[in-house]
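Undergrad: One file is attached below, structure-v1.cif, containing mmCIF, C-alpha atoms and all ligand atoms.
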data_query
loop_
_atom_site.group_PDB
_atom_site.id
_atom_site.type_symbol
_atom_site.label_atom_id
_atom_site.label_comp_id
_atom_site.auth_asym_id
_atom_site.auth_seq_id
_atom_site.Cartn_x
_atom_site.Cartn_y
_atom_site.Cartn_z
ATOM 1 C CA MET A 1 92.389 75.588 150.790
ATOM 2 C CA SER A 2 90.958 75.718 154.305
ATOM 3 C CA VAL A 3 87.903 73.602 155.188
ATOM 4 C CA ILE A 4 86.754 76.699 157.060
ATOM 5 C CA LYS A 5 86.082 79.468 154.586
ATOM 6 C CA LYS A 6 84.154 82.022 156.632
ATOM 7 C CA CYS A 7 84.920 83.960 159.778
ATOM 8 C CA LEU A 8 82.343 85.905 161.739
ATOM 9 C CA PHE A 9 83.321 88.948 163.811
ATOM 10 C CA PRO A 10 80.637 89.899 166.341
ATOM 11 C CA ALA A 11 81.410 93.585 166.774
ATOM 12 C CA ALA A 12 78.148 95.123 167.890
ATOM 13 C CA GLY A 13 78.867 95.485 171.628
ATOM 14 C CA TYR A 14 78.892 98.923 173.227
ATOM 15 C CA GLY A 15 82.430 98.661 174.624
ATOM 16 C CA THR A 16 81.401 100.483 177.800
ATOM 17 C CA ARG A 17 84.698 99.722 179.535
ATOM 18 C CA PHE A 18 86.357 102.083 177.071
ATOM 19 C CA LEU A 19 84.051 105.060 177.483
ATOM 20 C CA PRO A 20 84.336 107.845 176.592
ATOM 21 C CA ALA A 21 86.578 106.658 173.682
ATOM 22 C CA THR A 22 83.887 104.282 172.432
ATOM 23 C CA LYS A 23 81.117 106.865 172.546
ATOM 24 C CA ALA A 24 81.536 107.622 168.851
ATOM 25 C CA MET A 25 83.965 104.943 167.641
ATOM 26 C CA PRO A 26 83.871 101.157 167.701
ATOM 27 C CA LYS A 27 86.013 99.390 170.289
ATOM 28 C CA GLU A 28 87.280 97.196 167.429
ATOM 29 C CA MET A 29 88.941 100.246 165.869
ATOM 30 C CA LEU A 30 91.140 100.985 168.898
ATOM 31 C CA PRO A 31 94.718 100.665 167.623
ATOM 32 C CA ILE A 32 97.447 98.453 169.014
ATOM 33 C CA VAL A 33 100.320 100.706 167.942
ATOM 34 C CA THR A 34 99.139 101.549 164.383
ATOM 35 C CA LYS A 35 96.683 98.802 163.441
ATOM 36 C CA PRO A 36 93.158 98.536 164.775
ATOM 37 C CA LEU A 37 92.227 95.455 166.778
ATOM 38 C CA ILE A 38 89.929 94.151 164.072
ATOM 39 C CA GLN A 39 92.728 94.153 161.506
ATOM 40 C CA TYR A 40 94.793 91.770 163.646
ATOM 41 C CA GLY A 41 91.758 89.486 163.802
ATOM 42 C CA VAL A 42 91.211 89.583 160.031
ATOM 43 C CA GLU A 43 94.917 88.889 159.443
ATOM 44 C CA GLU A 44 94.719 85.898 161.768
ATOM 45 C CA ALA A 45 91.738 84.578 159.766
ATOM 46 C CA MET A 46 93.551 85.182 156.486
ATOM 47 C CA ASP A 47 96.616 83.298 157.736
ATOM 48 C CA ALA A 48 94.286 80.359 158.459
ATOM 49 C CA GLY A 49 93.180 80.397 154.803
ATOM 50 C CA ILE A 50 89.866 82.106 155.554
ATOM 51 C CA THR A 51 88.935 84.886 153.162
ATOM 52 C CA GLU A 52 85.188 85.405 153.569
ATOM 53 C CA ILE A 53 84.774 87.836 156.424
ATOM 54 C CA GLY A 54 81.369 88.513 157.973
ATOM 55 C CA ILE A 55 81.007 91.318 160.493
ATOM 56 C CA VAL A 56 78.050 91.824 162.816
ATOM 57 C CA THR A 57 77.919 95.538 163.474
ATOM 58 C CA GLY A 58 75.546 97.894 165.220
ATOM 59 C CA ARG A 59 74.845 101.580 165.540
ATOM 60 C CA GLY A 60 77.998 103.710 165.553
ATOM 61 C CA LYS A 61 80.145 101.071 163.837
ATOM 62 C CA ARG A 62 80.380 102.553 160.356
ATOM 63 C CA ALA A 63 84.122 103.153 160.744
ATOM 64 C CA ILE A 64 84.709 99.390 160.402
ATOM 65 C CA GLU A 65 83.095 99.327 156.950
ATOM 66 C CA ASP A 66 85.015 102.407 155.839
ATOM 67 C CA TYR A 67 88.251 100.892 157.091
ATOM 68 C CA PHE A 68 88.049 97.849 154.823
ATOM 69 C CA ASP A 69 87.421 99.992 151.770
ATOM 70 C CA ILE A 70 89.400 102.237 149.457
ATOM 71 C CA SER A 71 89.935 105.807 150.641
ATOM 72 C CA TYR A 72 90.442 107.517 147.268
ATOM 73 C CA GLU A 73 91.281 110.984 148.495
ATOM 74 C CA LEU A 74 93.811 109.833 151.081
ATOM 75 C CA GLU A 75 95.406 107.303 148.749
ATOM 76 C CA GLN A 76 95.734 109.937 146.029
ATOM 77 C CA GLU A 77 97.300 112.302 148.550
ATOM 78 C CA ILE A 78 100.049 109.877 149.643
ATOM 79 C CA ALA A 79 100.613 108.208 146.253
ATOM 80 C CA GLY A 80 104.318 108.188 145.362
ATOM 81 C CA SER A 81 105.387 109.241 148.874
ATOM 82 C CA ASP A 82 107.126 107.097 151.478
ATOM 83 C CA LYS A 83 103.800 106.884 153.324
ATOM 84 C CA GLU A 84 102.206 104.813 150.592
ATOM 85 C CA GLU A 85 103.525 101.550 151.998
ATOM 86 C CA LEU A 86 101.739 102.174 155.295
ATOM 87 C CA LEU A 87 98.555 101.060 153.554
ATOM 88 C CA ASN A 88 100.060 97.850 152.127
ATOM 89 C CA SER A 89 98.595 95.638 154.834
ATOM 90 C CA THR A 90 95.032 96.875 154.352
ATOM 91 C CA ARG A 91 95.417 96.697 150.583
ATOM 92 C CA GLU A 92 96.462 93.061 150.831
ATOM 93 C CA ILE A 93 93.454 92.281 152.999
ATOM 94 C CA MET A 94 91.116 93.925 150.518
ATOM 95 C CA ASP A 95 92.715 92.063 147.597
ATOM 96 C CA ARG A 96 92.319 88.698 149.273
ATOM 97 C CA CYS A 97 89.158 88.933 151.363
ATOM 98 C CA THR A 98 85.508 89.722 150.811
ATOM 99 C CA PHE A 99 83.529 91.553 153.485
ATOM 100 C CA SER A 100 79.839 91.260 154.302
ATOM 101 C CA TYR A 101 78.010 93.069 157.052
ATOM 102 C CA THR A 102 74.809 92.733 158.959
ATOM 103 C CA ARG A 103 73.492 94.699 161.909
ATOM 104 C CA GLN A 104 72.488 93.500 165.333
ATOM 105 C CA VAL A 105 69.685 95.910 166.120
ATOM 106 C CA GLU A 106 69.395 95.087 169.818
ATOM 107 C CA MET A 107 72.476 94.036 171.798
ATOM 108 C CA LYS A 108 71.125 90.835 173.275
ATOM 109 C CA GLY A 109 74.399 89.039 173.886
ATOM 110 C CA LEU A 110 77.110 87.210 171.998
ATOM 111 C CA GLY A 111 74.917 84.184 171.207
ATOM 112 C CA HIS A 112 72.346 86.524 169.700
ATOM 113 C CA ALA A 113 75.028 88.381 167.707
ATOM 114 C CA ILE A 114 76.222 85.057 166.253
ATOM 115 C CA LEU A 115 72.646 84.129 165.379
ATOM 116 C CA VAL A 116 72.236 87.470 163.604
ATOM 117 C CA GLY A 117 75.329 86.475 161.581
ATOM 118 C CA GLU A 118 73.598 83.347 160.251
ATOM 119 C CA THR A 119 72.593 85.249 157.146
ATOM 120 C CA LEU A 120 76.295 85.773 156.327
ATOM 121 C CA ILE A 121 77.341 82.187 157.072
ATOM 122 C CA GLY A 122 74.631 79.852 155.808
ATOM 123 C CA ARG A 123 75.082 76.167 156.623
ATOM 124 C CA GLU A 124 78.756 75.440 156.937
ATOM 125 C CA PRO A 125 81.288 75.316 159.777
ATOM 126 C CA PHE A 126 82.759 78.729 160.491
ATOM 127 C CA ALA A 127 85.219 80.560 162.721
ATOM 128 C CA VAL A 128 84.322 83.291 165.203
ATOM 129 C CA VAL A 129 86.798 85.942 166.360
ATOM 130 C CA LEU A 130 86.180 88.430 169.138
ATOM 131 C CA ALA A 131 88.596 91.094 168.002
ATOM 132 C CA ASP A 132 89.109 92.469 171.504
ATOM 133 C CA ASP A 133 90.882 89.219 172.379
ATOM 134 C CA TYR A 134 94.198 89.987 170.753
ATOM 135 C CA CYS A 135 96.400 86.917 170.323
ATOM 136 C CA VAL A 136 100.102 86.743 169.577
ATOM 137 C CA THR A 137 101.869 83.533 168.641
ATOM 138 C CA GLU A 138 105.358 82.504 167.619
ATOM 139 C CA GLY A 139 104.302 79.984 164.990
ATOM 140 C CA ASP A 140 100.845 79.367 163.583
ATOM 141 C CA GLY A 141 98.119 81.850 164.519
ATOM 142 C CA VAL A 142 95.429 80.637 166.917
ATOM 143 C CA LEU A 143 92.832 80.172 164.157
ATOM 144 C CA THR A 144 95.316 78.218 162.032
ATOM 145 C CA GLN A 145 95.886 75.892 164.987
ATOM 146 C CA MET A 146 92.138 75.495 165.442
ATOM 147 C CA VAL A 147 91.389 74.857 161.757
ATOM 148 C CA LYS A 148 93.944 72.015 161.821
ATOM 149 C CA LEU A 149 92.182 70.570 164.844
ATOM 150 C CA TYR A 150 88.796 70.904 163.151
ATOM 151 C CA GLU A 151 90.026 68.744 160.290
ATOM 152 C CA LYS A 152 90.502 65.971 162.850
ATOM 153 C CA TYR A 153 87.519 66.429 165.181
ATOM 154 C CA GLN A 154 84.840 67.916 162.870
ATOM 155 C CA CYS A 155 82.917 69.528 165.747
ATOM 156 C CA SER A 156 82.780 72.857 167.576
ATOM 157 C CA ILE A 157 86.074 73.987 169.104
ATOM 158 C CA VAL A 158 86.618 76.660 171.754
ATOM 159 C CA ALA A 159 90.028 78.145 172.494
ATOM 160 C CA ILE A 160 90.918 78.013 176.186
ATOM 161 C CA GLU A 161 93.638 79.292 178.483
ATOM 162 C CA GLU A 162 94.347 78.929 182.184
ATOM 163 C CA GLY A 163 92.932 81.835 184.174
ATOM 164 C CA PRO A 164 93.510 82.827 187.812
ATOM 165 C CA MET A 165 91.499 80.448 190.050
ATOM 166 C CA ASP A 166 90.193 83.303 192.257
ATOM 167 C CA GLU A 167 88.827 85.225 189.229
ATOM 168 C CA THR A 168 86.605 82.587 187.606
ATOM 169 C CA HIS A 169 83.625 84.947 188.062
ATOM 170 C CA LYS A 170 85.162 87.080 185.279
ATOM 171 C CA TYR A 171 85.238 84.414 182.576
ATOM 172 C CA SER A 172 83.502 81.261 181.300
ATOM 173 C CA VAL A 173 85.096 77.926 182.115
ATOM 174 C CA ILE A 174 84.984 74.380 180.832
ATOM 175 C CA ALA A 175 85.155 70.976 182.456
ATOM 176 C CA GLY A 176 86.457 68.240 180.212
ATOM 177 C CA ASP A 177 88.517 65.106 179.745
ATOM 178 C CA LEU A 178 91.991 65.396 178.326
ATOM 179 C CA GLU A 179 92.033 63.637 174.933
ATOM 180 C CA ALA A 180 95.445 64.691 173.668
ATOM 181 C CA ASP A 181 98.059 67.289 174.531
ATOM 182 C CA GLY A 182 96.091 70.521 175.091
ATOM 183 C CA VAL A 183 92.867 68.993 173.737
ATOM 184 C CA TYR A 184 89.852 68.429 176.015
ATOM 185 C CA ARG A 185 86.507 66.803 175.237
ATOM 186 C CA VAL A 186 84.227 69.283 176.971
ATOM 187 C CA HIS A 187 81.322 67.983 179.053
ATOM 188 C CA ASN A 188 80.371 71.116 180.940
ATOM 189 C CA MET A 189 80.632 74.884 180.484
ATOM 190 C CA VAL A 190 79.794 77.502 183.056
ATOM 191 C CA GLU A 191 79.427 81.237 182.467
ATOM 192 C CA LYS A 192 81.315 83.305 185.067
ATOM 193 C CA PRO A 193 81.054 80.905 188.061
ATOM 194 C CA ALA A 194 82.009 81.869 191.611
ATOM 195 C CA PRO A 195 85.435 80.303 192.347
ATOM 196 C CA GLU A 196 83.860 77.730 194.719
ATOM 197 C CA ASN A 197 81.493 76.527 191.946
ATOM 198 C CA ALA A 198 83.997 76.573 189.100
ATOM 199 C CA PRO A 199 84.705 73.142 187.561
ATOM 200 C CA SER A 200 88.168 74.332 186.431
ATOM 201 C CA ASN A 201 90.181 77.451 185.675
ATOM 202 C CA LEU A 202 90.247 76.729 181.940
ATOM 203 C CA ALA A 203 88.812 79.922 180.530
ATOM 204 C CA ILE A 204 87.135 80.259 177.144
ATOM 205 C CA ILE A 205 88.625 83.036 175.025
ATOM 206 C CA GLY A 206 87.333 84.770 171.904
ATOM 207 C CA ARG A 207 88.205 82.200 169.230
ATOM 208 C CA TYR A 208 85.711 79.548 168.180
ATOM 209 C CA ILE A 209 85.034 77.172 165.351
ATOM 210 C CA LEU A 210 81.340 76.376 165.304
ATOM 211 C CA SER A 211 79.453 73.636 163.528
ATOM 212 C CA PRO A 212 76.466 74.962 161.551
ATOM 213 C CA ASP A 213 73.829 73.354 163.805
ATOM 214 C CA ILE A 214 74.840 75.988 166.392
ATOM 215 C CA PHE A 215 72.259 78.371 164.894
ATOM 216 C CA ASP A 216 69.371 75.975 165.603
ATOM 217 C CA VAL A 217 70.762 75.344 169.072
ATOM 218 C CA ILE A 218 70.973 79.084 169.856
ATOM 219 C CA ARG A 219 67.417 79.557 168.559
ATOM 220 C CA SER A 220 66.078 76.850 170.843
ATOM 221 C CA THR A 221 68.061 77.890 173.951
ATOM 222 C CA PRO A 222 66.165 80.139 176.374
ATOM 223 C CA PRO A 223 67.856 83.464 177.207
ATOM 224 C CA GLY A 224 70.220 83.271 180.207
ATOM 225 C CA LYS A 225 71.496 85.931 182.614
ATOM 226 C CA ASN A 226 70.013 89.444 182.046
ATOM 227 C CA GLY A 227 67.791 88.145 179.208
ATOM 228 C CA GLU A 228 70.895 87.809 177.010
ATOM 229 C CA MET A 229 71.592 84.896 174.685
ATOM 230 C CA GLN A 230 75.000 83.573 175.645
ATOM 231 C CA ILE A 231 77.000 81.431 173.264
ATOM 232 C CA THR A 232 78.122 79.383 176.276
ATOM 233 C CA ASP A 233 74.545 78.171 176.867
ATOM 234 C CA ALA A 234 74.286 76.906 173.286
ATOM 235 C CA LEU A 235 77.748 75.355 173.382
ATOM 236 C CA GLN A 236 76.789 73.637 176.615
ATOM 237 C CA ILE A 237 74.075 71.751 174.714
ATOM 238 C CA GLN A 238 76.542 70.685 172.039
ATOM 239 C CA ALA A 239 78.993 69.701 174.806
ATOM 240 C CA GLN A 240 76.410 67.418 176.421
ATOM 241 C CA GLN A 241 76.248 65.580 173.089
ATOM 242 C CA GLY A 242 80.055 65.237 173.146
ATOM 243 C CA ASN A 243 80.445 67.694 170.292
ATOM 244 C CA VAL A 244 82.716 70.384 171.757
ATOM 245 C CA ILE A 245 86.496 70.369 171.971
ATOM 246 C CA GLY A 246 88.389 72.752 174.261
ATOM 247 C CA TYR A 247 91.785 73.624 172.850
ATOM 248 C CA ARG A 248 94.601 75.101 174.904
ATOM 249 C CA PHE A 249 96.163 77.157 172.176
ATOM 250 C CA GLN A 250 99.869 77.930 171.775
ATOM 251 C CA GLY A 251 100.410 81.638 172.213
ATOM 252 C CA ARG A 252 99.441 84.554 174.384
ATOM 253 C CA ARG A 253 96.156 86.420 174.636
ATOM 254 C CA PHE A 254 95.558 89.983 175.745
ATOM 255 C CA ASP A 255 92.079 90.986 176.888
ATOM 256 C CA CYS A 256 91.878 94.273 175.014
ATOM 257 C CA GLY A 257 88.265 94.729 176.109
ATOM 258 C CA SER A 258 89.792 95.885 179.405
ATOM 259 C CA VAL A 259 92.018 98.928 179.792
ATOM 260 C CA ASP A 260 94.799 96.970 181.556
ATOM 261 C CA GLY A 261 94.880 94.283 178.851
ATOM 262 C CA PHE A 262 94.870 96.897 176.127
ATOM 263 C CA ILE A 263 97.836 98.740 177.649
ATOM 264 C CA ASP A 264 99.753 95.456 178.135
ATOM 265 C CA ALA A 265 99.092 94.528 174.494
ATOM 266 C CA THR A 266 100.229 97.942 173.312
ATOM 267 C CA ASN A 267 103.472 97.802 175.296
ATOM 268 C CA TYR A 268 104.162 94.215 174.250
ATOM 269 C CA THR A 269 103.596 94.924 170.552
ATOM 270 C CA TYR A 270 105.499 98.199 170.538
ATOM 271 C CA ASN A 271 108.505 96.522 172.212
ATOM 272 C CA ALA A 272 108.305 93.552 169.827
ATOM 273 C CA GLN A 273 108.205 95.876 166.818
ATOM 274 C CA SER A 274 111.089 98.024 168.008
ATOM 275 C CA ALA A 275 113.268 95.007 168.968
HETATM 276 P P1 LIG B 301 81.826 92.158 175.621
HETATM 277 O O1 LIG B 301 81.355 91.301 176.719
HETATM 278 O O2 LIG B 301 83.269 92.520 175.588
HETATM 279 O O3 LIG B 301 80.920 93.448 175.587
HETATM 280 O O4 LIG B 301 81.443 91.427 174.259
HETATM 281 P P2 LIG B 301 81.170 94.847 174.914
HETATM 282 O O5 LIG B 301 79.870 95.553 174.783
HETATM 283 O O6 LIG B 301 81.936 94.684 173.619
HETATM 284 O O7 LIG B 301 82.133 95.603 175.929
HETATM 285 P P3 LIG B 301 81.856 96.198 177.430
HETATM 286 O O8 LIG B 301 81.783 94.997 178.337
HETATM 287 O O9 LIG B 301 80.583 97.005 177.402
HETATM 288 O O10 LIG B 301 83.050 97.050 177.678
HETATM 289 C C1 LIG B 301 82.237 90.399 173.710
HETATM 290 C C2 LIG B 301 82.151 90.449 172.189
HETATM 291 O O11 LIG B 301 80.814 90.196 171.763
HETATM 292 C C3 LIG B 301 80.307 91.244 170.952
HETATM 293 C C4 LIG B 301 81.172 92.455 171.299
HETATM 294 O O12 LIG B 301 81.215 93.354 170.214
HETATM 295 C C5 LIG B 301 82.513 91.812 171.610
HETATM 296 O O13 LIG B 301 83.259 91.554 170.416
HETATM 297 N N1 LIG B 301 78.883 91.430 171.271
HETATM 298 C C6 LIG B 301 78.459 91.368 172.548
HETATM 299 C C7 LIG B 301 77.982 91.670 170.242
HETATM 300 O O14 LIG B 301 78.370 91.735 169.051
HETATM 301 N N2 LIG B 301 76.668 91.834 170.554
HETATM 302 C C8 LIG B 301 76.198 91.768 171.834
HETATM 303 O O15 LIG B 301 74.968 91.915 172.040
HETATM 304 C C9 LIG B 301 77.122 91.540 172.853
#
With the file now loaded, output its structure as structure tokens.
Ligand code: UTP
TA:
Amino acid sequence: MSVIKKCLFPAAGYGTRFLPATKAMPKEMLPIVTKPLIQYGVEEAMDAGITEIGIVTGRGKRAIEDYFDISYELEQEIAGSDKEELLNSTREIMDRCTFSYTRQVEMKGLGHAILVGETLIGREPFAVVLADDYCVTEGDGVLTQMVKLYEKYQCSIVAIEEGPMDETHKYSVIAGDLEADGVYRVHNMVEKPAPENAPSNLAIIGRYILSPDIFDVIRSTPPGKNGEMQITDALQIQAQQGNVIGYRFQGRRFDCGSVDGFIDATNYTYNAQSA
């Protein structure tokens, strides 16, 4: 059984880059071929042995709750037909996982969304998945890789990948010392720096394992840019205490929060499935 039992999905953001599609549906429900983004995230958590799923939702996100539930009428309708098996993957998720929800009433940033999720997590280490970062791997899923690393380091872990050096203003970066292959002890984190101020091009992506003290740290960290509570600011405090690992994961990430990344992910997955 995994030492990490719970995974939090902050899913309250407006998804403005996908308007008008996200006007009345959550970004997390956009499908890559036939499965919504959030399902890939839940499957990744499940593969890592995590079965308690907490989702931070907001207004207009009801479709997520309905998705991880039985749809009696539809299931009755397709029972006994060749379409029945199309629901096998969601049925398996519902058999193995429990789902809890809480709402972020005001969208005050990712750090704030994670803090809102405290009620679903309590005081234990937990994983965080941003479902719009869609990750494909050949072997272990990204969270499985990170859970293994947590067993060794017992502190917060952020997944990182190399980003383009001239686009550091689009992502958050770390500075750290290489401890082992792909493993950095982080000593600095900067949110969207201009390329000339960036300590590296190692970009943080939407997979984290957080130690439970993160909630107190977020609470005591003053709001950053635009009055939002960024998780990077809280992680920076843990990093200064030597308690953050940056992990260059094995696999490929698509930024499905952007239209280009979403289309790339769709093409990649469709081709992989038809191969
Ligand atoms: P994004 O920066 O992608 O923002 O959030 P967004 O609102 O989802 O999308 P755009 O930029 O308007 O198109 C990163 C992750 O953090 C969550 C989002 O749901 C997404 O999974 N988030 C962000 C919250 O849950 N609450 C917030 O207040 C902000």
Undergrad: Please write out the residues within 8 Å of ligand LIG 301 (chain B) as a ChimeraX atom specification, counting only C-alpha atoms and all ligand atoms.
TA: /A:9-18,27-28,56-58,104,106-114,129-132,206,228,257-258
Undergrad: Could you write out the selected residues, including C-alpha atoms, as a PDB file, keeping the file's coordinate frame?
TA:
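Result written to out02.pdb:
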ATOM      1  CA  PHE A   9      83.321  88.948 163.811  1.00  0.00           C
ATOM      2  CA  PRO A  10      80.637  89.899 166.341  1.00  0.00           C
ATOM      3  CA  ALA A  11      81.410  93.585 166.774  1.00  0.00           C
ATOM      4  CA  ALA A  12      78.148  95.123 167.890  1.00  0.00           C
ATOM      5  CA  GLY A  13      78.867  95.485 171.628  1.00  0.00           C
ATOM      6  CA  TYR A  14      78.892  98.923 173.227  1.00  0.00           C
ATOM      7  CA  GLY A  15      82.430  98.661 174.624  1.00  0.00           C
ATOM      8  CA  THR A  16      81.401 100.483 177.800  1.00  0.00           C
ATOM      9  CA  ARG A  17      84.698  99.722 179.535  1.00  0.00           C
ATOM     10  CA  PHE A  18      86.357 102.083 177.071  1.00  0.00           C
ATOM     11  CA  LYS A  27      86.013  99.390 170.289  1.00  0.00           C
ATOM     12  CA  GLU A  28      87.280  97.196 167.429  1.00  0.00           C
ATOM     13  CA  VAL A  56      78.050  91.824 162.816  1.00  0.00           C
ATOM     14  CA  THR A  57      77.919  95.538 163.474  1.00  0.00           C
ATOM     15  CA  GLY A  58      75.546  97.894 165.220  1.00  0.00           C
ATOM     16  CA  GLN A 104      72.488  93.500 165.333  1.00  0.00           C
ATOM     17  CA  GLU A 106      69.395  95.087 169.818  1.00  0.00           C
ATOM     18  CA  MET A 107      72.476  94.036 171.798  1.00  0.00           C
ATOM     19  CA  LYS A 108      71.125  90.835 173.275  1.00  0.00           C
ATOM     20  CA  GLY A 109      74.399  89.039 173.886  1.00  0.00           C
ATOM     21  CA  LEU A 110      77.110  87.210 171.998  1.00  0.00           C
ATOM     22  CA  GLY A 111      74.917  84.184 171.207  1.00  0.00           C
ATOM     23  CA  HIS A 112      72.346  86.524 169.700  1.00  0.00           C
ATOM     24  CA  ALA A 113      75.028  88.381 167.707  1.00  0.00           C
ATOM     25  CA  ILE A 114      76.222  85.057 166.253  1.00  0.00           C
ATOM     26  CA  VAL A 129      86.798  85.942 166.360  1.00  0.00           C
ATOM     27  CA  LEU A 130      86.180  88.430 169.138  1.00  0.00           C
ATOM     28  CA  ALA A 131      88.596  91.094 168.002  1.00  0.00           C
ATOM     29  CA  ASP A 132      89.109  92.469 171.504  1.00  0.00           C
ATOM     30  CA  GLY A 206      87.333  84.770 171.904  1.00  0.00           C
ATOM     31  CA  GLU A 228      70.895  87.809 177.010  1.00  0.00           C
ATOM     32  CA  GLY A 257      88.265  94.729 176.109  1.00  0.00           C
ATOM     33  CA  SER A 258      89.792  95.885 179.405  1.00  0.00           C
TER      34      SER A 258
END
Undergrad: Would you kindly identify which residues have an atom no farther than 12 Å from (95.9, 92.2, 163.5), using all atoms listed in the file and the file's own coordinates, and write them out as a PyMOL selection string?
TA: chain A and resi 28-47+89-90+93+129-137+141+265+269
Undergrad: For stretch 210-223 of chain A, work out the shell of residues within 6 Å, counting all atoms listed in the file and skipping chain neighbours fewer than 4 positions away, then give it as a PyMOL selection string.
TA: chain A and resi 115+123-126+155-156+227-229+234
Undergrad: With the file shown as input, list the residues that the PyMOL selection byres (((chain A and resi 48) around 12) and not hetatm) selects, as a ChimeraX atom specification.
TA: /A:1-7,41-47,49-52,126-127,139-150,209
Undergrad: Find the spatial neighbours of stretch 164-177 of chain A, counting all atoms listed in the file, within a cut-off of 8 Å - ignore same-chain residues fewer than 3 positions away - and output them as a VMD selection string.
TA: chain A and resid 184 to 195 198 to 204 232 246
Undergrad: Edge lengths and centre, in Å to one decimal, as lines of an AutoDock Vina configuration file: that's what I need for the box along x, y and z that holds all listed atoms of stretch 47-53 of chain A plus 4 Å on each side.
TA:
center_x = 90.7
center_y = 84.1
center_z = 155.8
size_x = 19.8
size_y = 15.5
size_z = 13.3
Undergrad: Which residue is closest to A:Gly182? Choose from A:Thr119, A:Glu161, A:Gln241, A:Arg248 and count all atoms listed in the file.
TA: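 Ranking A:Thr119, A:Glu161, A:Gln241, A:Arg248 by distance to A:Gly182, first place goes to A:Arg248.
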Undergrad: Out of A:Met94, A:Ile53, A:Ile263, A:Ile64, which residue has the shortest atom-to-atom distance to A:Leu8 when counting only C-alpha atoms?
TA: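 Comparing A:Met94, A:Ile53, A:Ile263, A:Ile64 against A:Leu8, the winner is A:Ile53.
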